[in-house]
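**Student:** Following this message is one structure expressed as structure tokens.
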Amino acid sequence: MSRGLAPALAVEHLSKRFGGRTAVDDVSFTVAAGEVFGFLGPNGAGKTTTVRVLGTLIAPTAGRAVVAGLPLSPANGVAIRQQIAVMPETPGLYSRLTVTENLEFFAGLYRIRDRGRIPAALEAVGLQTRANDLCGDLSKGLRQRVALARALLNDPAVLFLDEPTSGLDPVASREVHGLIDGLRERGVTVFLTTHRLEEAERLCDRVAILNTTLRTIGRTDELRDRLFRKRLLVETRAPLRDPAAAFEGQPGVTGWEANGSGVYAVAVTDAKLAAPAVARALVAAGADIVSLAEQRHSLEDVYLELISEDVEATR
Amino acid sequence: MQKELRDFRRNRFLVGTMAVLPLVFLVSPTITLLQIPASTPASVIHHAVGGSSLLLFVVPAVIPPIMAAYSVIGERDQGTLEPFLTTPIQREELLLAKAIAVFLPSATVAYAIYFAFALTVRFGAAPVVSAAVWHTPQVVAQLVFTPLIAIWAIWVGIAMSVRARDVRVAQQLATLASLPAIGITALITFRVVTPSVRLAVALSVVLLAIDIRAWRFVSKLFDRERLVTGTRAQRS
């Protein structure tokens with residue numbers, strides 16, 4: 001699987017309603033083959049519903065989708081499920097069966113004849129030594145790893161991970177992140193739903209933010225640029241006597257404002273172009289520069305900005 | 001199916017139920033027949049044998065629903081339903097595998113209980129009582145109806161499991177709903193209709209037809225969306 005081929009997922013105007021409640025409304029996006037795609041949103045935003053629709057568990061109310069090259073339809077349900085794997089939020093393992101017995105059962109459902117797949121899946125998640133343990137005796141982190149091994153059994157073209165680190169401690173979360181990095185290296189298309197923003201920022205090539213409707217989609221740096229003006233944050237030891245003279249007319253500078261004593265926010269079109277010019281102007285004006293840096297917005301800033309817009313709109 | 005059998009075997013509640021419940025239905029009728037003296041009138045003997053046989057028919061009617069009711073809702077309770085439903089298995093395959101996994105131990109237990117009863121009576125009861133128990137139409141009915149009643153009870157159990165929200169509720173409703181199947185056998189065991197091999201075969205054909213229709217009906221009840229979300233699919 002490599003980029004540039006047909007998309008692993010193509011979703012057009014997808015909607016899902018449950019009675020009078022709209023869970024997902026007119027959502028469209030594509031996910032390239034081999035991409036790690038983050039699907040973010042608050043609780044109840046429709047993330048799991050989208051995964052269930054694309055995983056053929058529930059039917060869309062409206063819209064179309066192509067999953068692993070197959071149009072989403074009841075007739076293609078079995079063929080699509082053969083090509084994908086879904087790891088739900090809870091591991092969903094048979095607690096009275098051992099790790100190997102669980103994997104043997106699911107390998108049978110996928111009609112996998114190659115007996116080597118199970119040890120390979122266990123090795124991929126580092127669980128070879130726990131193969132004969134009852135799943136009911138494993139910690140939540142280990143059960144999550146077994147669930148990931150199960151999801152790898154059929155060598156899926158698209159892997160849906162629904163909140164894979166929910167309820168895990170930081171160490172176990174980091175292990176799961178490492179496993180997702182491993183999937184990326186193997187070229188697996190990963191559709192990751194999460195509300196852990198740092199997780200999405202660290203793991204995903206692109207993210208979409210959903211709150212029933214799709215609020216935005218793109219690379220995290222694109223989203224930042226789209227939503228926030230680029231700014232330099234300047235701090236001088238003492239307030240400038242004539243800040244306008246220092247900032248205005250410098251290349252790439254489009255405006256400025258004072259944010260306190262000796263602290264300035266300078267709006268720029270290109271930080272790499274503007275920063276050296278602003279620094280030279282400040283030195284020429286005799287200012288003592290304490291710091292001069294581009295303001296960095298996190299994915300969390302983007303997310304909160306978009307979700308707070310929704311909250312404001314519903315007030 | 002292998003997984004189902006392993007899972008059942010390690011489920012203490014199910015193993016306990018399967019071990020204790022059939023014994024209850026074995027001990028009482030066996031003791032009753034062993035205590036009947038040879039001089040008892042034939043009508044009394046036939047009535048006692050009919051009642052005992054009916055109790056033995058309860059075994060294939062009550063054991064399978066307890067296991068079958070667990071088959072779908074049990075998956076949901078332990079969180080395995082969603083991963084299970086996202087595999088390529090088709091619903092008919094899934095239901096058939098679940099049904100076979102319940103049928104094998106249920107039928108084995110029911111036959112074992114019947115033969116334990118019949119052999120004990122053969123060697124321990126008065127000859128007239130033994131002859132009534134080993135009456136050919138009676139034996140044929142027991143052998144043929146046992147799996148057919150079990151299959152009916154399994155589909156009822158799975159149907160309840162597909163629709164119910166709680167395992168216990170599914171088990172209780174399924175057990176109740178399975179009992180009417182015993183009505184047919186009651187006609188023979190109490191000699192309301194004259195027992196014969198031909199009648200037993202005819203009734204078994206009827207039961208088989210009911211079982212096949214029940215499978216189709218349960219397949220239609222099995223709706224992935226309803227199982228996952230609790231609501232039926234809507235399309236605009």
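Chain labels run A, B, ... following the order of the structure tokens; each chain numbers its residues from 1, and ligands are numbered from 1 in the order shown.
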So which residues of chain B fall under alpha helix (DSSP H) by DSSP, listed as a PyMOL selection string?
**Tutor:** chain B and resi 2-9+12-34+42-68+70-77+81-85+91-124+127-133+136-163+167-178+181-189+197-221+224-229
**Student:** Using only C-alpha atoms, determine which residues lie at most 12 Å from range 106-109 of chain B, disregarding the query and same-chain residues fewer than 3 positions distant; provide the list as a ChimeraX atom specification.
**Tutor:** /B:5,8,14-15,17-23,25-26,56-68,99-103,112-116,142-151,153-154
**Student:** For chain B, which residues have at least one atom within 8 Å of chain A, if we go by only C-alpha atoms? Write them as a list in words, please.
**Tutor:**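 Output check: Lys3, Arg6, Asp7, Arg10, Asn11, Gln78, Gly79, Thr80, Leu81, Glu82, Pro83, Phe84, Leu85, Thr86, Thr87, Pro88, Ile89, Gln90, Arg224, Glu225, Val228, Thr231, Ala233, Gln234, Arg235 and Ser236 of chain B.
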**Student:** Using only C-alpha atoms, find the one residue out of A:Leu197, A:Leu214, A:Ala238, A:Leu304 that sits nearest to Val24 in chain A.
**Tutor:**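 When distances to Val24 in chain A are compared using only C-alpha atoms, the smallest one comes from A:Leu214.
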**Student:** Write out as a list in words which residues come within 9 Å of range 201-207 of chain A when counting only C-alpha atoms, dropping same-chain ones fewer than 4 positions away.
**Tutor:**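 Contacts, in chain order: Val31, Glu35, Val36, Phe37, Gly38, Phe39, Leu40, His177, Ile180, Asp181, Val190, Leu192, Arg196, Leu197, Thr216, Ile217, Gly218, Arg219, Thr220, Leu223, Ser298, Leu299 and Glu300 of chain A.
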**Student:** I need the chosen residues saved as a CSV table (one decimal), in the first residue's frame, with N, CA and C atoms.
**Tutor:**
chain,number,residue,atom,x,y,z
A,31,VAL,N,-9.5,9.4,2.8
A,31,VAL,CA,-8.2,9.0,3.5
A,31,VAL,C,-7.4,8.3,2.5
A,35,GLU,N,-2.2,6.2,5.0
A,35,GLU,CA,-2.3,7.4,5.8
A,35,GLU,C,-2.8,7.0,7.3
A,36,VAL,N,-2.2,7.8,8.2
A,36,VAL,CA,-2.8,7.7,9.6
A,36,VAL,C,-3.7,8.9,9.8
A,37,PHE,N,-5.0,8.7,9.8
A,37,PHE,CA,-5.9,9.8,9.8
A,37,PHE,C,-6.6,9.9,11.2
A,38,GLY,N,-6.6,11.1,11.7
A,38,GLY,CA,-7.2,11.3,13.0
A,38,GLY,C,-8.6,11.8,12.9
A,39,PHE,N,-9.5,11.3,13.7
A,39,PHE,CA,-10.9,11.7,13.6
A,39,PHE,C,-11.2,12.2,15.1
A,40,LEU,N,-11.3,13.5,15.2
A,40,LEU,CA,-11.4,14.1,16.6
A,40,LEU,C,-12.7,14.7,16.8
A,177,HIS,N,0.9,3.9,21.2
A,177,HIS,CA,1.4,4.8,20.2
A,177,HIS,C,2.5,4.2,19.4
A,180,ILE,N,1.1,1.9,16.8
A,180,ILE,CA,0.5,2.6,15.7
A,180,ILE,C,1.6,3.1,14.8
A,181,ASP,N,2.7,3.6,15.4
A,181,ASP,CA,3.8,4.0,14.5
A,181,ASP,C,4.3,2.8,13.7
A,190,VAL,N,-4.7,3.8,8.8
A,190,VAL,CA,-5.2,3.8,10.1
A,190,VAL,C,-6.2,4.9,10.3
A,192,LEU,N,-8.1,6.7,13.1
A,192,LEU,CA,-7.9,6.7,14.5
A,192,LEU,C,-8.9,7.8,15.1
A,196,ARG,N,-8.0,12.6,22.4
A,196,ARG,CA,-6.7,12.9,23.0
A,196,ARG,C,-5.9,13.7,21.9
A,197,LEU,N,-5.9,15.0,22.1
A,197,LEU,CA,-5.3,15.8,21.0
A,197,LEU,C,-3.8,15.6,20.8
A,216,THR,N,-13.6,20.8,10.3
A,216,THR,CA,-12.4,21.1,9.5
A,216,THR,C,-11.6,19.8,9.3
A,217,ILE,N,-10.7,19.9,8.3
A,217,ILE,CA,-9.9,18.7,7.9
A,217,ILE,C,-8.6,19.2,7.4
A,218,GLY,N,-7.5,18.5,7.7
A,218,GLY,CA,-6.2,18.9,7.1
A,218,GLY,C,-5.1,18.5,7.9
A,219,ARG,N,-3.8,18.9,7.5
A,219,ARG,CA,-2.7,18.6,8.4
A,219,ARG,C,-2.7,19.6,9.5
A,220,THR,N,-2.2,19.2,10.6
A,220,THR,CA,-2.3,20.1,11.8
A,220,THR,C,-1.7,21.5,11.6
A,223,LEU,N,-4.2,23.5,9.6
A,223,LEU,CA,-5.3,23.9,10.4
A,223,LEU,C,-4.9,25.1,11.3
A,298,SER,N,-1.2,25.0,19.3
A,298,SER,CA,-1.3,23.5,19.3
A,298,SER,C,-2.6,23.1,18.6
A,299,LEU,N,-2.7,21.8,18.4
A,299,LEU,CA,-3.9,21.2,17.8
A,299,LEU,C,-5.0,21.5,18.8
A,300,GLU,N,-4.7,21.5,20.1
A,300,GLU,CA,-5.7,21.7,21.1
A,300,GLU,C,-6.3,23.1,21.0
**Student:** I'd like the interatomic distance between CA of Pro71 in chain A and CA of Glu12 in chain A, to a tenth of an Å.
**Tutor:**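 Rounded to one decimal, the two atoms are 11.3 Å apart.
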**Student:** From the list B:Thr229, B:Pro29, B:Val44, B:His135, which residue is nearest Ala23 in chain A when using only C-alpha atoms?
**Tutor:**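 Checking each of B:Thr229, B:Pro29, B:Val44, B:His135 against Ala23 in chain A, counting only C-alpha atoms, the winner is B:Thr229.
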**Student:** List the spatial neighbours of range 278-294 of chain A as a PyMOL selection string - criterion: any atom at most 12 Å away, only C-alpha atoms, same-chain residues fewer than 6 positions off excluded.
**Tutor:** chain A and resi 229-254+256+262-272
**Student:** Would you save the residues from that selection as a PDB file, in the first residue's frame, using C-alpha atoms?
**Tutor:**
ATOM      1  CA  ARG A 229      -2.966  34.546  12.195  1.00  0.00           C
ATOM      2  CA  LYS A 230       0.795  34.066  12.321  1.00  0.00           C
ATOM      3  CA  ARG A 231       2.315  36.176  15.052  1.00  0.00           C
ATOM      4  CA  LEU A 232       5.665  36.940  16.583  1.00  0.00           C
ATOM      5  CA  LEU A 233       5.709  37.365  20.334  1.00  0.00           C
ATOM      6  CA  VAL A 234       8.230  39.977  21.361  1.00  0.00           C
ATOM      7  CA  GLU A 235       9.285  40.799  24.902  1.00  0.00           C
ATOM      8  CA  THR A 236      11.666  43.625  25.744  1.00  0.00           C
ATOM      9  CA  ARG A 237      13.155  44.494  29.109  1.00  0.00           C
ATOM     10  CA  ALA A 238      11.448  47.926  29.080  1.00  0.00           C
ATOM     11  CA  PRO A 239       8.489  49.177  27.039  1.00  0.00           C
ATOM     12  CA  LEU A 240       9.497  50.580  23.658  1.00  0.00           C
ATOM     13  CA  ARG A 241       9.306  54.330  23.359  1.00  0.00           C
ATOM     14  CA  ASP A 242       7.994  54.135  19.793  1.00  0.00           C
ATOM     15  CA  PRO A 243       6.825  50.604  18.965  1.00  0.00           C
ATOM     16  CA  ALA A 244       5.244  51.697  15.690  1.00  0.00           C
ATOM     17  CA  ALA A 245       8.616  52.804  14.409  1.00  0.00           C
ATOM     18  CA  ALA A 246      10.131  49.447  15.334  1.00  0.00           C
ATOM     19  CA  PHE A 247       7.460  47.227  13.803  1.00  0.00           C
ATOM     20  CA  GLU A 248       5.670  49.065  11.008  1.00  0.00           C
ATOM     21  CA  GLY A 249       7.191  48.871   7.555  1.00  0.00           C
ATOM     22  CA  GLN A 250       9.286  45.805   8.357  1.00  0.00           C
ATOM     23  CA  PRO A 251       9.104  43.063   5.723  1.00  0.00           C
ATOM     24  CA  GLY A 252       6.301  40.566   6.408  1.00  0.00           C
ATOM     25  CA  VAL A 253       4.779  42.606   9.253  1.00  0.00           C
ATOM     26  CA  THR A 254       1.090  43.381   8.856  1.00  0.00           C
ATOM     27  CA  TRP A 256       1.067  44.836  15.969  1.00  0.00           C
ATOM     28  CA  GLY A 262       7.169  45.378  27.098  1.00  0.00           C
ATOM     29  CA  VAL A 263       5.202  42.543  25.501  1.00  0.00           C
ATOM     30  CA  TYR A 264       4.081  42.827  21.879  1.00  0.00           C
ATOM     31  CA  ALA A 265       2.242  40.594  19.451  1.00  0.00           C
ATOM     32  CA  VAL A 266       3.341  41.288  15.886  1.00  0.00           C
ATOM     33  CA  ALA A 267       1.128  39.972  13.069  1.00  0.00           C
ATOM     34  CA  VAL A 268       3.210  38.638  10.179  1.00  0.00           C
ATOM     35  CA  THR A 269       2.703  36.919   6.852  1.00  0.00           C
ATOM     36  CA  ASP A 270       5.928  34.928   7.090  1.00  0.00           C
ATOM     37  CA  ALA A 271       7.676  34.523  10.438  1.00  0.00           C
ATOM     38  CA  LYS A 272      11.025  33.542   8.896  1.00  0.00           C
TER      39      LYS A 272
END
